[in-house]
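The next block holds one structure in the form of structure tokens; read it before the comments.
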There are 2 protein chains.
Amino acid sequence: MENLTLLFKEKNLKLTPQRYAIYKYLKSTKSHPSAEMIYDNLKANYPTMSLATIYKTLKTLIELGVVIELNVGEDNFRYDANTSQHPHIICLSCGRVDDIENADFNFLDDEAKKYTDYKIDTHQLYFYGICPECQKKSE
Amino acid sequence: MENLTLLFKEKNLKLTPQRYAIYKYLKSTKSHPSAEMIYDNLKANYPTMSLATIYKTLKTLIELGVVIELNVGEDNFRYDANTSQHPHIICLSCGRVDDIENADFNFLDDEAKKYTDYKIDTHQLYFYGICPECQKKSE
DNA sequence: TATTTGTAGATAATAATTTTCTTTTAATAG
DNA sequence: CTATTAAAAGAAAATTATTATCTACAAATA
Ligand SMILES: [Mn+2]
Ligand SMILES: [Mn+2]
Ligand SMILES: [Zn+2]
Ligand SMILES: [Zn+2]
């Protein structure tokens, strides 16, 4: 969090209240929100905040490597301030997106290297299923 | 291919030349084309084909379970008539999308079950890297 | 405190996908 | 081989997430 100041300074970027709020919100939540969801959550405290600012800030944070973009198959992107390599699981019923925690899938890149001539950088792993809450509902 | 006729009949769907052409093209290629790419490939033989027809047909084929939609992180979707569970690899330089063949990643669903209370259905695994052609170019 | 340069926010633009509506066509029965 | 009917094609408009543009503002620094 404190190193964010340094990171911004390095790149001659200004750490504005809006940018800080967006990053802080992303750090605080495990909900993997979309741009719109971030907007809805911040507009109480930042009534003049524009969606364009959200999008521009997210792009900046991604370039800085402190936020990643998730493609869960919806019509929009989701964002995550947890930049460690970790898989996600999406509920096919309610759309929530959760982390899969404590699992180590880092070996996947090496495993894949055995079967391709690509130079592999990274991967994204998405599981799809039904979350515990939705399982209860459908009983 | 022949069972497509049956499948359509079962659901009271009409197997039109357009639908057949779209499916056949997807079966014939390993390029994982987008809707637009399919459109460009078919319009020589089907000059009246509309992009809306492509989109509607793709949706139908997905519902039938004979085509899957890929989310590689671009601004559009890609489509694949290979519905077996297999990972993909995307070139960060030229954008091509390839299969990772002969690798068996089916154990992933079971592995993930150990770390979540979701009921897991399926997964999507995307690797990102540099394809052999692009590696040569940058030498 | 003045100057510079990057950014916020409003708005318009873009582009993929979906919807709507009318005409056409595939399937089927007579 | 027609006639009938429900489904689909195609054209066009609508929708929606995201991006670009532009001007007023504010953070950094000298
Ligand atoms: Mn996450
Ligand atoms: Mn494939
Ligand atoms: Zn759920
Ligand atoms: Zn390439």
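Following the order of the structure tokens, first chain is A, next is B, and so on, with residues numbered from 1 inside each chain and ligands from 1 in the order they appear.
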
Original post:
Among stretch 87-137 of chain A, which residues carry a DSSP assignment of alpha helix (DSSP H), reported as a PyMOL selection string?
Top reply: chain A and resi 107-113+132-137

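For ligand 2, the set of protein, DNA and RNA residues within 10 Å, based on only C-alpha atoms (C1' of nucleotides) and all ligand atoms, reads Thr29, Lys30, Ser31, His32, Ile68, Glu69, Leu70, Arg78, Tyr79, Asp80, Ala81, Asn82, Thr83, Ser84, Gln85, His86, Pro87, His88, Ile89, Val97, Asp98, Asp99, Ile100 and Glu101 of chain B.
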
Original post:
Please, which residues have at least one atom within 6 Å of an atom of ligand 4, using only C-alpha atoms (C1' of nucleotides) and all ligand atoms, listed as a list in words?
Top reply: Cys91, Ser93, Cys94, Arg96, Ile130, Cys131, Glu133 and Cys134 of chain B

Subject >> Within 7 Å of chain A: residues of chain B, using only C-alpha atoms, as a VMD selection string >> reply: chain B and resid 71 73 100 to 101 103 115 to 132

**OP:** Determine which residues of chain B sit within 10 Å of chain C, taking into account only C-alpha atoms (C1' of nucleotides), and present them as a ChimeraX atom specification.
**Re:** /B:9,12-17,35-36,51-52,55-56,75-77

Keeping only N, CA and C atoms, write the selected residues to a file as a CSV table (one decimal), in the first residue's frame.
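Heads up, here's the output in result_13.csv:
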chain,number,residue,atom,x,y,z
B,9,LYS,N,-32.9,-32.1,-35.6
B,9,LYS,CA,-34.3,-32.6,-35.7
B,9,LYS,C,-34.9,-32.7,-34.3
B,12,ASN,N,-36.2,-29.5,-33.0
B,12,ASN,CA,-37.1,-28.8,-34.0
B,12,ASN,C,-36.4,-27.6,-34.5
B,13,LEU,N,-35.1,-27.8,-34.8
B,13,LEU,CA,-34.3,-26.7,-35.4
B,13,LEU,C,-34.1,-27.0,-36.9
B,14,LYS,N,-34.0,-26.0,-37.7
B,14,LYS,CA,-33.8,-26.3,-39.1
B,14,LYS,C,-32.3,-26.2,-39.5
B,15,LEU,N,-31.9,-27.2,-40.1
B,15,LEU,CA,-30.4,-27.3,-40.5
B,15,LEU,C,-30.3,-26.6,-41.9
B,16,THR,N,-30.1,-25.3,-41.8
B,16,THR,CA,-30.1,-24.5,-43.0
B,16,THR,C,-28.6,-24.5,-43.6
B,17,PRO,N,-28.5,-24.1,-44.9
B,17,PRO,CA,-27.2,-24.1,-45.4
B,17,PRO,C,-26.2,-23.2,-44.7
B,35,ALA,N,-16.4,-14.3,-34.5
B,35,ALA,CA,-17.6,-14.2,-35.4
B,35,ALA,C,-17.2,-13.5,-36.7
B,36,GLU,N,-16.5,-12.4,-36.6
B,36,GLU,CA,-16.1,-11.6,-37.7
B,36,GLU,C,-15.2,-12.5,-38.7
B,51,LEU,N,-23.9,-11.0,-40.5
B,51,LEU,CA,-23.2,-11.2,-39.3
B,51,LEU,C,-24.2,-11.6,-38.2
B,52,ALA,N,-25.4,-11.1,-38.2
B,52,ALA,CA,-26.4,-11.5,-37.2
B,52,ALA,C,-26.7,-13.0,-37.3
B,55,TYR,N,-23.9,-14.8,-35.5
B,55,TYR,CA,-24.0,-14.7,-34.0
B,55,TYR,C,-25.2,-15.6,-33.6
B,56,LYS,N,-26.3,-15.6,-34.3
B,56,LYS,CA,-27.4,-16.4,-33.8
B,56,LYS,C,-27.1,-17.9,-33.9
B,75,ASP,N,-11.1,-8.2,-27.3
B,75,ASP,CA,-12.4,-7.5,-27.2
B,75,ASP,C,-13.5,-8.3,-27.9
B,76,ASN,N,-13.3,-9.5,-28.2
B,76,ASN,CA,-14.3,-10.4,-28.8
B,76,ASN,C,-14.1,-11.8,-28.4
B,77,PHE,N,-15.1,-12.6,-28.7
B,77,PHE,CA,-15.0,-14.0,-28.4
B,77,PHE,C,-14.4,-14.8,-29.5

Original post:
Would you list which chain D residues are within 12 Å of chain B using only C-alpha atoms (C1' of nucleotides), as a PyMOL selection string?
Top reply: chain D and resi 6-12+17-19

Can I get the selection written as a PDB file, in the first residue's frame, with N, CA and C atoms (P, O5', C5', C4', C3', O3' and C1' of nucleotides)?
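part.pdb, written as the output of this step:
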ATOM      1  P    DA D   6     -47.579 -23.079 -36.917  1.00  0.00           P
ATOM      2  O5'  DA D   6     -46.170 -23.363 -36.230  1.00  0.00           O
ATOM      3  C5'  DA D   6     -45.522 -24.611 -36.476  1.00  0.00           C
ATOM      4  C4'  DA D   6     -44.054 -24.345 -36.711  1.00  0.00           C
ATOM      5  C3'  DA D   6     -43.456 -23.324 -35.747  1.00  0.00           C
ATOM      6  O3'  DA D   6     -42.221 -23.841 -35.283  1.00  0.00           O
ATOM      7  C1'  DA D   6     -43.045 -22.646 -37.967  1.00  0.00           C
ATOM      8  P    DA D   7     -41.345 -23.067 -34.259  1.00  0.00           P
ATOM      9  O5'  DA D   7     -40.038 -22.857 -35.145  1.00  0.00           O
ATOM     10  C5'  DA D   7     -39.544 -23.942 -35.921  1.00  0.00           C
ATOM     11  C4'  DA D   7     -38.480 -23.407 -36.832  1.00  0.00           C
ATOM     12  C3'  DA D   7     -37.460 -22.537 -36.120  1.00  0.00           C
ATOM     13  O3'  DA D   7     -36.184 -22.919 -36.591  1.00  0.00           O
ATOM     14  C1'  DA D   7     -38.397 -21.341 -37.924  1.00  0.00           C
ATOM     15  P    DA D   8     -34.893 -22.295 -36.037  1.00  0.00           P
ATOM     16  O5'  DA D   8     -34.479 -21.376 -37.266  1.00  0.00           O
ATOM     17  C5'  DA D   8     -34.354 -21.988 -38.541  1.00  0.00           C
ATOM     18  C4'  DA D   8     -33.976 -20.942 -39.552  1.00  0.00           C
ATOM     19  C3'  DA D   8     -32.834 -20.028 -39.126  1.00  0.00           C
ATOM     20  O3'  DA D   8     -31.940 -19.923 -40.213  1.00  0.00           O
ATOM     21  C1'  DA D   8     -34.686 -18.734 -39.764  1.00  0.00           C
ATOM     22  P    DA D   9     -30.652 -19.108 -40.178  1.00  0.00           P
ATOM     23  O5'  DA D   9     -30.981 -18.046 -41.312  1.00  0.00           O
ATOM     24  C5'  DA D   9     -31.267 -18.488 -42.622  1.00  0.00           C
ATOM     25  C4'  DA D   9     -31.354 -17.294 -43.557  1.00  0.00           C
ATOM     26  C3'  DA D   9     -30.165 -16.344 -43.456  1.00  0.00           C
ATOM     27  O3'  DA D   9     -29.843 -15.874 -44.760  1.00  0.00           O
ATOM     28  C1'  DA D   9     -32.164 -15.223 -42.789  1.00  0.00           C
ATOM     29  P    DG D  10     -28.553 -15.112 -45.034  1.00  0.00           P
ATOM     30  O5'  DG D  10     -29.086 -13.615 -44.945  1.00  0.00           O
ATOM     31  C5'  DG D  10     -30.139 -13.239 -45.820  1.00  0.00           C
ATOM     32  C4'  DG D  10     -30.583 -11.828 -45.514  1.00  0.00           C
ATOM     33  C3'  DG D  10     -29.426 -10.855 -45.245  1.00  0.00           C
ATOM     34  O3'  DG D  10     -29.669  -9.694 -46.012  1.00  0.00           O
ATOM     35  C1'  DG D  10     -30.998 -10.762 -43.477  1.00  0.00           C
ATOM     36  P    DA D  11     -28.564  -8.626 -46.210  1.00  0.00           P
ATOM     37  O5'  DA D  11     -29.349  -7.327 -45.723  1.00  0.00           O
ATOM     38  C5'  DA D  11     -30.684  -7.086 -46.190  1.00  0.00           C
ATOM     39  C4'  DA D  11     -31.297  -5.990 -45.352  1.00  0.00           C
ATOM     40  C3'  DA D  11     -30.342  -4.849 -45.011  1.00  0.00           C
ATOM     41  O3'  DA D  11     -31.006  -3.616 -45.221  1.00  0.00           O
ATOM     42  C1'  DA D  11     -31.241  -5.755 -43.021  1.00  0.00           C
ATOM     43  P    DA D  12     -30.222  -2.256 -45.009  1.00  0.00           P
ATOM     44  O5'  DA D  12     -30.750  -1.798 -43.585  1.00  0.00           O
ATOM     45  C5'  DA D  12     -32.145  -1.900 -43.302  1.00  0.00           C
ATOM     46  C4'  DA D  12     -32.349  -1.593 -41.832  1.00  0.00           C
ATOM     47  C3'  DA D  12     -31.465  -0.443 -41.337  1.00  0.00           C
ATOM     48  O3'  DA D  12     -32.296   0.545 -40.750  1.00  0.00           O
ATOM     49  C1'  DA D  12     -31.317  -2.324 -39.901  1.00  0.00           C
ATOM     50  P    DA D  17     -23.170  -2.887 -19.888  1.00  0.00           P
ATOM     51  O5'  DA D  17     -21.598  -3.036 -20.049  1.00  0.00           O
ATOM     52  C5'  DA D  17     -21.053  -4.268 -20.511  1.00  0.00           C
ATOM     53  C4'  DA D  17     -19.761  -3.963 -21.221  1.00  0.00           C
ATOM     54  C3'  DA D  17     -18.705  -3.285 -20.356  1.00  0.00           C
ATOM     55  O3'  DA D  17     -17.470  -3.963 -20.540  1.00  0.00           O
ATOM     56  C1'  DA D  17     -19.108  -1.996 -22.319  1.00  0.00           C
ATOM     57  P    DT D  18     -16.213  -3.558 -19.710  1.00  0.00           P
ATOM     58  O5'  DT D  18     -15.544  -2.481 -20.667  1.00  0.00           O
ATOM     59  C5'  DT D  18     -15.105  -2.914 -21.945  1.00  0.00           C
ATOM     60  C4'  DT D  18     -14.675  -1.719 -22.764  1.00  0.00           C
ATOM     61  C3'  DT D  18     -13.565  -0.873 -22.135  1.00  0.00           C
ATOM     62  O3'  DT D  18     -12.410  -1.042 -22.943  1.00  0.00           O
ATOM     63  C1'  DT D  18     -15.241   0.457 -23.176  1.00  0.00           C
ATOM     64  P    DT D  19     -11.085  -0.232 -22.684  1.00  0.00           P
ATOM     65  O5'  DT D  19     -11.266   1.018 -23.664  1.00  0.00           O
ATOM     66  C5'  DT D  19     -11.542   0.775 -25.025  1.00  0.00           C
ATOM     67  C4'  DT D  19     -11.515   2.092 -25.766  1.00  0.00           C
ATOM     68  C3'  DT D  19     -10.326   2.986 -25.443  1.00  0.00           C
ATOM     69  O3'  DT D  19      -9.803   3.416 -26.686  1.00  0.00           O
ATOM     70  C1'  DT D  19     -12.343   4.194 -25.179  1.00  0.00           C
TER      71       DT D  19
END

**OP:** Give the strand (DSSP E or B) residues of chain A, as DSSP finds them on the backbone, and put them as a VMD selection string.
**Re:** chain A and resid 68 to 70 78 to 80 88 to 91 97 to 99 119 to 130

Output file for the selection above: C-alpha atoms, as a JSON list (two decimals), in the first residue's frame:
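Produced file selection-v7.json, reproduced below:
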[["chain", "number", "residue", "atom", "x", "y", "z"],
["A", 68, "ILE", "CA", -5.16, -7.87, -12.99],
["A", 69, "GLU", "CA", -8.09, -8.15, -15.35],
["A", 70, "LEU", "CA", -10.29, -11.23, -15.28],
["A", 78, "ARG", "CA", -13.63, -8.11, -13.52],
["A", 79, "TYR", "CA", -10.70, -6.70, -11.58],
["A", 80, "ASP", "CA", -8.49, -8.10, -8.85],
["A", 88, "HIS", "CA", -10.86, -18.41, -9.90],
["A", 89, "ILE", "CA", -14.18, -20.12, -9.71],
["A", 90, "ILE", "CA", -17.37, -18.67, -11.15],
["A", 91, "CYS", "CA", -20.88, -19.63, -10.11],
["A", 97, "VAL", "CA", -16.43, -14.97, -8.63],
["A", 98, "ASP", "CA", -14.27, -16.46, -5.88],
["A", 99, "ASP", "CA", -10.64, -17.25, -5.41],
["A", 119, "LYS", "CA", 7.48, -19.51, -24.81],
["A", 120, "ILE", "CA", 5.05, -19.47, -21.90],
["A", 121, "ASP", "CA", 4.63, -16.41, -19.74],
["A", 122, "THR", "CA", 1.62, -17.02, -17.58],
["A", 123, "HIS", "CA", -1.81, -18.59, -17.46],
["A", 124, "GLN", "CA", -5.37, -18.01, -16.36],
["A", 125, "LEU", "CA", -7.40, -20.80, -14.88],
["A", 126, "TYR", "CA", -11.14, -20.49, -14.43],
["A", 127, "PHE", "CA", -13.37, -23.12, -12.89],
["A", 128, "TYR", "CA", -17.12, -23.06, -13.38],
["A", 129, "GLY", "CA", -19.68, -24.56, -11.06],
["A", 130, "ILE", "CA", -22.33, -23.85, -8.45]]

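Atom to atom, atom CA of B:Ala21 and atom CA of B:Tyr46 stand 8.9 Å apart.
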
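Comparing A:Lys11, A:Asp110, A:Gly95, A:Lys136 by their smallest distance to ligand 3, the closest is A:Gly95 (using only C-alpha atoms and all ligand atoms).
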